[in-house]
Amino acid sequence: PNELVLMIVQHLPATDLRSITQVSCLSKDLAAPLYLQSIGLHAEQTWLRVNAQTCLALPLYTRTTFFCVPRFLRCDLHGTGDHDLTALKIFLQFLKGVQSKPMTSVICFDAPPGLDLASLFQLVKDLGCSSFSYSSSDTEDSYTIVPLPLPGSNTSAGCNLRRLSVDSPMFFSPYVASLTLATLRDSPLTDLSLTHTGLSGIQWAALLRNVHLPLLRMLTVDIECPPDVLAEFLIPHQNVGQVWIHPGQTVFSPKLQIHSSQKLSRQTSQQIPSSRVLALSVLGGPPWYLISLLATIHSAPYIRNLSL
């Protein structure tokens, strides 16, 4: 009887359980839940969490009777290799063919150097996800905020990303940078966060001058992005209501802050009368940076919250 077989397989190690899942449909149905539980693959209602130990089991999970299409996917890529990534991509391609609604959010972090992030990111875009977040390390701040579509926005576009958060220089490496720029150009983003990018001031200028995001509401950038470059980007983006300056790992000397203050007087004389960002209501960052920024874009009619 199945009950007796189940009592026996409960005492087997994970490697044996995996072998049993490949014998027959009946043995798969009996052993698969125990195997997936033993390696730590847990599907929590709409959430699915995967790591290096569970990637290879994803194809098996899709063939179980209890498989459920996740709305939120969290990928710990620490220790993953090419074979793990291949299994993960096969899983994502499978989801593309069976899901009735696009996956809402994908969070990835801690990929080893050399991992093909470009192909993984492209698959996430092809799935129609509205939120993607990548960080070099796991953090409690990697929560999911999925903005609602704005009136008039085209949600049937090829790329549906509305929230993009990148906290790593890996997405600006030679192998991924072109895809990152293409994503910024063809996505209806309302929330964009680019931190720990490793970009210099000149590179920030080249990036922001080649991107136009008419639906953008919230923006977070590294402190290495020069205030005048950020101001030039904000002026045509009148919907931006929140701007956050991420401190990063750069320690700015008092001399540089004094230089920024001296530059303030020159910027004040070069203000453009129409250079107001009227929707701006929240600013966060070092005072010397924000003062230099406001000198170019002027202040909004009022600022409800000024976080220093």
# chains A, B, ... in the order shown; residues from 1 in each chain; ligands from 1
call {"tool": "select_by_dssp", "arguments": {"residues": "region 7-37 of chain A", "states": "alpha helix (DSSP H)", "output": "list in words"}}
result
Met7, Ile8, Val9, Ala14, Thr15, Asp16, Leu17, Arg18, Ser19, Ile20, Thr21, Cys25, Leu26, Ser27, Lys28, Asp29, Leu30, Ala31, Ala32, Pro33, Leu34, Tyr35, Leu36 and Gln37 of chain A
call {"tool": "residues_around", "arguments": {"residues": "Pro70 (chain A)", "least_positions_apart": "4", "cutoff": "7 Å", "atoms": "only C-alpha atoms", "output": "PDB file with C-alpha atoms, in the first residue's frame"}}
result
ATOM      1  CA  THR A  46       2.377  33.259  -3.960  1.00  0.00           C
ATOM      2  CA  TRP A  47       6.089  33.255  -3.003  1.00  0.00           C
ATOM      3  CA  LEU A  48       8.797  30.898  -4.251  1.00  0.00           C
ATOM      4  CA  MET A 103       4.806  37.330 -12.575  1.00  0.00           C
TER       5      MET A 103
END
call {"tool": "residues_around", "arguments": {"residues": "Phe109 (chain A)", "least_positions_apart": "6", "cutoff": "9 Å", "atoms": "only C-alpha atoms", "output": "list of chain:residue names"}}
result
A:Arg74, A:Cys75, A:Asp76, A:Leu77, A:His78, A:Ser133, A:Tyr134, A:Ser135, A:Ser136, A:Ser137, A:Asp138, A:Thr139
call {"tool": "write_last_selection", "arguments": {"atoms": "all heavy atoms", "output": "mmCIF file, in the first residue's frame"}}
result
data_model
loop_
_atom_site.group_PDB
_atom_site.id
_atom_site.type_symbol
_atom_site.label_atom_id
_atom_site.label_comp_id
_atom_site.auth_asym_id
_atom_site.auth_seq_id
_atom_site.Cartn_x
_atom_site.Cartn_y
_atom_site.Cartn_z
ATOM 1 N N ARG A 74 12.054 34.821 -5.391
ATOM 2 C CA ARG A 74 13.248 35.332 -4.704
ATOM 3 C C ARG A 74 14.385 34.337 -4.929
ATOM 4 O O ARG A 74 14.296 33.173 -4.527
ATOM 5 C CB ARG A 74 12.973 35.504 -3.213
ATOM 6 C CG ARG A 74 14.111 36.157 -2.437
ATOM 7 C CD ARG A 74 13.740 36.280 -0.956
ATOM 8 N NE ARG A 74 14.771 36.922 -0.187
ATOM 9 C CZ ARG A 74 14.855 38.223 0.037
ATOM 10 N NH1 ARG A 74 13.942 39.010 -0.483
ATOM 11 N NH2 ARG A 74 15.827 38.737 0.750
ATOM 12 N N CYS A 75 15.460 34.803 -5.580
ATOM 13 C CA CYS A 75 16.564 33.926 -5.994
ATOM 14 C C CYS A 75 17.852 34.307 -5.263
ATOM 15 O O CYS A 75 18.400 35.394 -5.499
ATOM 16 C CB CYS A 75 16.785 34.017 -7.497
ATOM 17 S SG CYS A 75 15.342 33.668 -8.499
ATOM 18 N N ASP A 76 18.311 33.422 -4.407
ATOM 19 C CA ASP A 76 19.626 33.563 -3.786
ATOM 20 C C ASP A 76 20.628 32.868 -4.703
ATOM 21 O O ASP A 76 20.683 31.642 -4.759
ATOM 22 C CB ASP A 76 19.611 32.928 -2.399
ATOM 23 C CG ASP A 76 20.967 33.041 -1.696
ATOM 24 O OD1 ASP A 76 21.919 33.561 -2.300
ATOM 25 O OD2 ASP A 76 21.071 32.577 -0.543
ATOM 26 N N LEU A 77 21.426 33.651 -5.425
ATOM 27 C CA LEU A 77 22.320 33.095 -6.436
ATOM 28 C C LEU A 77 23.696 32.755 -5.894
ATOM 29 O O LEU A 77 24.586 32.367 -6.661
ATOM 30 C CB LEU A 77 22.446 34.087 -7.599
ATOM 31 C CG LEU A 77 21.135 34.440 -8.310
ATOM 32 C CD1 LEU A 77 21.375 35.494 -9.379
ATOM 33 C CD2 LEU A 77 20.489 33.203 -8.900
ATOM 34 N N HIS A 78 23.890 32.891 -4.593
ATOM 35 C CA HIS A 78 25.194 32.594 -4.003
ATOM 36 C C HIS A 78 25.541 31.119 -4.222
ATOM 37 O O HIS A 78 24.773 30.217 -3.882
ATOM 38 C CB HIS A 78 25.194 32.904 -2.509
ATOM 39 C CG HIS A 78 26.484 32.554 -1.825
ATOM 40 N ND1 HIS A 78 27.634 33.269 -2.015
ATOM 41 C CD2 HIS A 78 26.790 31.557 -0.951
ATOM 42 C CE1 HIS A 78 28.600 32.738 -1.296
ATOM 43 N NE2 HIS A 78 28.112 31.689 -0.648
ATOM 44 N N SER A 133 14.495 43.402 -8.896
ATOM 45 C CA SER A 133 15.472 43.959 -7.966
ATOM 46 C C SER A 133 16.681 43.046 -7.919
ATOM 47 O O SER A 133 16.550 41.818 -7.828
ATOM 48 C CB SER A 133 14.860 44.089 -6.562
ATOM 49 O OG SER A 133 15.830 44.526 -5.624
ATOM 50 N N TYR A 134 17.880 43.650 -8.007
ATOM 51 C CA TYR A 134 19.101 42.872 -7.861
ATOM 52 C C TYR A 134 20.043 43.582 -6.902
ATOM 53 O O TYR A 134 20.228 44.801 -6.970
ATOM 54 C CB TYR A 134 19.837 42.656 -9.186
ATOM 55 C CG TYR A 134 21.114 41.875 -8.980
ATOM 56 C CD1 TYR A 134 21.084 40.487 -8.884
ATOM 57 C CD2 TYR A 134 22.331 42.516 -8.781
ATOM 58 C CE1 TYR A 134 22.225 39.761 -8.617
ATOM 59 C CE2 TYR A 134 23.479 41.800 -8.522
ATOM 60 C CZ TYR A 134 23.434 40.427 -8.439
ATOM 61 O OH TYR A 134 24.562 39.711 -8.174
ATOM 62 N N SER A 135 20.657 42.805 -6.006
ATOM 63 C CA SER A 135 21.617 43.343 -5.054
ATOM 64 C C SER A 135 22.783 42.378 -4.941
ATOM 65 O O SER A 135 22.630 41.165 -5.134
ATOM 66 C CB SER A 135 20.969 43.537 -3.679
ATOM 67 O OG SER A 135 21.932 43.960 -2.721
ATOM 68 N N SER A 136 23.954 42.924 -4.636
ATOM 69 C CA SER A 136 25.134 42.077 -4.476
ATOM 70 C C SER A 136 25.073 41.231 -3.226
ATOM 71 O O SER A 136 25.838 40.283 -3.064
ATOM 72 C CB SER A 136 26.408 42.945 -4.449
ATOM 73 O OG SER A 136 26.601 43.564 -5.701
ATOM 74 N N SER A 137 24.177 41.563 -2.310
ATOM 75 C CA SER A 137 24.035 40.782 -1.075
ATOM 76 C C SER A 137 22.594 40.820 -0.631
ATOM 77 O O SER A 137 21.829 41.717 -1.005
ATOM 78 C CB SER A 137 24.943 41.331 0.028
ATOM 79 O OG SER A 137 24.611 42.677 0.310
ATOM 80 N N ASP A 138 22.211 39.834 0.171
ATOM 81 C CA ASP A 138 20.857 39.779 0.703
ATOM 82 C C ASP A 138 20.681 40.897 1.710
ATOM 83 O O ASP A 138 21.581 41.220 2.484
ATOM 84 C CB ASP A 138 20.617 38.426 1.380
ATOM 85 C CG ASP A 138 19.156 38.253 1.769
ATOM 86 O OD1 ASP A 138 18.332 39.059 1.314
ATOM 87 O OD2 ASP A 138 18.858 37.307 2.510
ATOM 88 N N THR A 139 19.530 41.520 1.712
ATOM 89 C CA THR A 139 19.247 42.596 2.635
ATOM 90 C C THR A 139 17.777 42.590 3.001
ATOM 91 O O THR A 139 16.923 42.215 2.198
ATOM 92 C CB THR A 139 19.620 43.976 2.024
ATOM 93 O OG1 THR A 139 19.144 45.013 2.890
ATOM 94 C CG2 THR A 139 19.008 44.156 0.647
#
call {"tool": "residues_around", "arguments": {"residues": "Val240 (chain A)", "least_positions_apart": "4", "cutoff": "8 Å", "atoms": "only C-alpha atoms", "output": "PyMOL selection string"}}
result
chain A and resi 216-219+234+277+279-280
call {"tool": "atom_distance", "arguments": {"atom1": "CA of Leu60 (chain A)", "atom2": "CA of Pro113 (chain A)"}}
result
27.6 Å
call {"tool": "atom_distance", "arguments": {"atom1": "CA of Lys101 (chain A)", "atom2": "CA of Leu194 (chain A)"}}
result
27.6 Å
call {"tool": "atom_distance", "arguments": {"atom1": "CA of Gly81 (chain A)", "atom2": "CA of Leu127 (chain A)"}}
result
22.5 Å
call {"tool": "closest_residue", "arguments": {"among": "A:Ala182, A:Val166, A:Val243, A:Ala177", "to": "His212 (chain A)", "atoms": "only C-alpha atoms"}}
result
A:Ala182
call {"tool": "residues_around", "arguments": {"residues": "Gln203 (chain A)", "least_positions_apart": "2", "cutoff": "12 Å", "atoms": "only C-alpha atoms", "output": "list of chain:residue names"}}
result
A:Phe172, A:Ala177, A:Thr197, A:Gly198, A:Leu199, A:Ser200, A:Gly201, A:Ala205, A:Ala206, A:Leu207, A:Leu208, A:Arg209, A:Asn210, A:Asp222, A:Glu224, A:Cys225, A:Pro226, A:Val229
call {"tool": "closest_residue", "arguments": {"among": "A:Tyr35, A:Phe171, A:Tyr289, A:Tyr61", "to": "Ala118 (chain A)", "atoms": "only C-alpha atoms"}}
result
A:Phe171
call {"tool": "residues_around", "arguments": {"residues": "Ser27 (chain A)", "least_positions_apart": "4", "cutoff": "10 Å", "atoms": "only C-alpha atoms", "output": "list in words"}}
result
Asn2, Val5, Leu6, Val9, Leu17, Ser19, Ile20, Thr21, Gln22, Val23, Ala31 and Ala32 of chain A
call {"tool": "write_last_selection", "arguments": {"atoms": "all heavy atoms", "output": "tab-separated table (two decimals), in the first residue's frame"}}
result
chain	number	residue	atom	x	y	z
A	2	ASN	N	0.31	2.33	-0.55
A	2	ASN	CA	1.06	3.59	-0.65
A	2	ASN	C	1.47	4.12	0.72
A	2	ASN	O	2.53	4.73	0.87
A	2	ASN	CB	0.22	4.64	-1.37
A	2	ASN	CG	-0.01	4.27	-2.83
A	2	ASN	OD1	0.72	3.44	-3.39
A	2	ASN	ND2	-1.03	4.86	-3.44
A	5	VAL	N	4.70	2.43	1.69
A	5	VAL	CA	5.81	2.95	0.88
A	5	VAL	C	6.21	4.34	1.39
A	5	VAL	O	7.40	4.67	1.49
A	5	VAL	CB	5.42	3.01	-0.60
A	5	VAL	CG1	6.54	3.66	-1.43
A	5	VAL	CG2	5.12	1.61	-1.12
A	6	LEU	N	5.23	5.15	1.71
A	6	LEU	CA	5.50	6.50	2.20
A	6	LEU	C	6.25	6.47	3.52
A	6	LEU	O	7.17	7.27	3.75
A	6	LEU	CB	4.18	7.27	2.34
A	6	LEU	CG	4.29	8.76	2.69
A	6	LEU	CD1	5.08	9.50	1.62
A	6	LEU	CD2	2.90	9.37	2.83
A	9	VAL	N	9.98	5.65	2.58
A	9	VAL	CA	10.76	6.71	1.90
A	9	VAL	C	11.00	7.90	2.82
A	9	VAL	O	11.91	8.70	2.58
A	9	VAL	CB	10.06	7.16	0.61
A	9	VAL	CG1	9.94	6.01	-0.37
A	9	VAL	CG2	8.69	7.77	0.90
A	17	LEU	N	15.85	10.01	-2.41
A	17	LEU	CA	14.51	10.50	-2.72
A	17	LEU	C	14.45	11.03	-4.15
A	17	LEU	O	13.46	10.80	-4.87
A	17	LEU	CB	14.12	11.60	-1.74
A	17	LEU	CG	13.81	11.17	-0.31
A	17	LEU	CD1	13.62	12.39	0.58
A	17	LEU	CD2	12.56	10.28	-0.27
A	19	SER	N	16.24	10.01	-6.66
A	19	SER	CA	16.24	8.85	-7.56
A	19	SER	C	14.85	8.22	-7.65
A	19	SER	O	14.40	7.81	-8.73
A	19	SER	CB	17.26	7.82	-7.09
A	19	SER	OG	18.57	8.36	-7.09
A	20	ILE	N	14.16	8.14	-6.53
A	20	ILE	CA	12.84	7.53	-6.51
A	20	ILE	C	11.84	8.34	-7.34
A	20	ILE	O	10.95	7.78	-7.99
A	20	ILE	CB	12.35	7.37	-5.06
A	20	ILE	CG1	13.20	6.33	-4.33
A	20	ILE	CG2	10.88	6.99	-5.00
A	20	ILE	CD1	12.84	6.16	-2.87
A	21	THR	N	12.01	9.68	-7.36
A	21	THR	CA	11.08	10.52	-8.14
A	21	THR	C	11.19	10.24	-9.63
A	21	THR	O	10.28	10.61	-10.40
A	21	THR	CB	11.36	12.01	-7.90
A	21	THR	OG1	12.69	12.34	-8.34
A	21	THR	CG2	11.20	12.37	-6.43
A	22	GLN	N	12.27	9.58	-10.06
A	22	GLN	CA	12.48	9.32	-11.48
A	22	GLN	C	12.06	7.92	-11.91
A	22	GLN	O	12.25	7.53	-13.07
A	22	GLN	CB	13.96	9.55	-11.83
A	22	GLN	CG	14.46	10.95	-11.50
A	22	GLN	CD	15.96	11.09	-11.58
A	22	GLN	OE1	16.67	10.11	-11.80
A	22	GLN	NE2	16.45	12.31	-11.42
A	23	VAL	N	11.49	7.14	-10.99
A	23	VAL	CA	11.13	5.75	-11.30
A	23	VAL	C	9.79	5.65	-12.02
A	23	VAL	O	9.69	5.04	-13.09
A	23	VAL	CB	11.09	4.91	-10.00
A	23	VAL	CG1	10.57	3.50	-10.30
A	23	VAL	CG2	12.47	4.85	-9.37
A	31	ALA	N	7.38	10.62	-3.45
A	31	ALA	CA	8.68	11.06	-2.97
A	31	ALA	C	8.97	12.55	-3.21
A	31	ALA	O	9.78	13.14	-2.49
A	31	ALA	CB	9.79	10.21	-3.61
A	32	ALA	N	8.35	13.16	-4.23
A	32	ALA	CA	8.67	14.55	-4.58
A	32	ALA	C	8.44	15.52	-3.43
A	32	ALA	O	9.32	16.35	-3.14
A	32	ALA	CB	7.87	14.97	-5.81
call {"tool": "closest_residue", "arguments": {"among": "A:Gln45, A:Ile90, A:Leu30, A:Ile202", "to": "Ala57 (chain A)", "atoms": "only C-alpha atoms"}}
result
A:Ile90
call {"tool": "closest_residue", "arguments": {"among": "A:Pro214, A:Pro174, A:Pro169, A:Pro102", "to": "Asp186 (chain A)", "atoms": "only C-alpha atoms"}}
result
A:Pro214
call {"tool": "closest_residue", "arguments": {"among": "A:Ile245, A:Leu85, A:Val124, A:Cys108", "to": "Thr183 (chain A)", "atoms": "only C-alpha atoms"}}
result
A:Val124
call {"tool": "select_by_dssp", "arguments": {"residues": "region 185-249 of chain A", "states": "strand (DSSP E or B)", "output": "PyMOL selection string"}}
result
chain A and resi 191-195+218-222+242-246
call {"tool": "closest_residue", "arguments": {"among": "A:Met170, A:Thr104, A:Phe66, A:Gln93", "to": "Leu117 (chain A)", "atoms": "only C-alpha atoms"}}
result
A:Met170
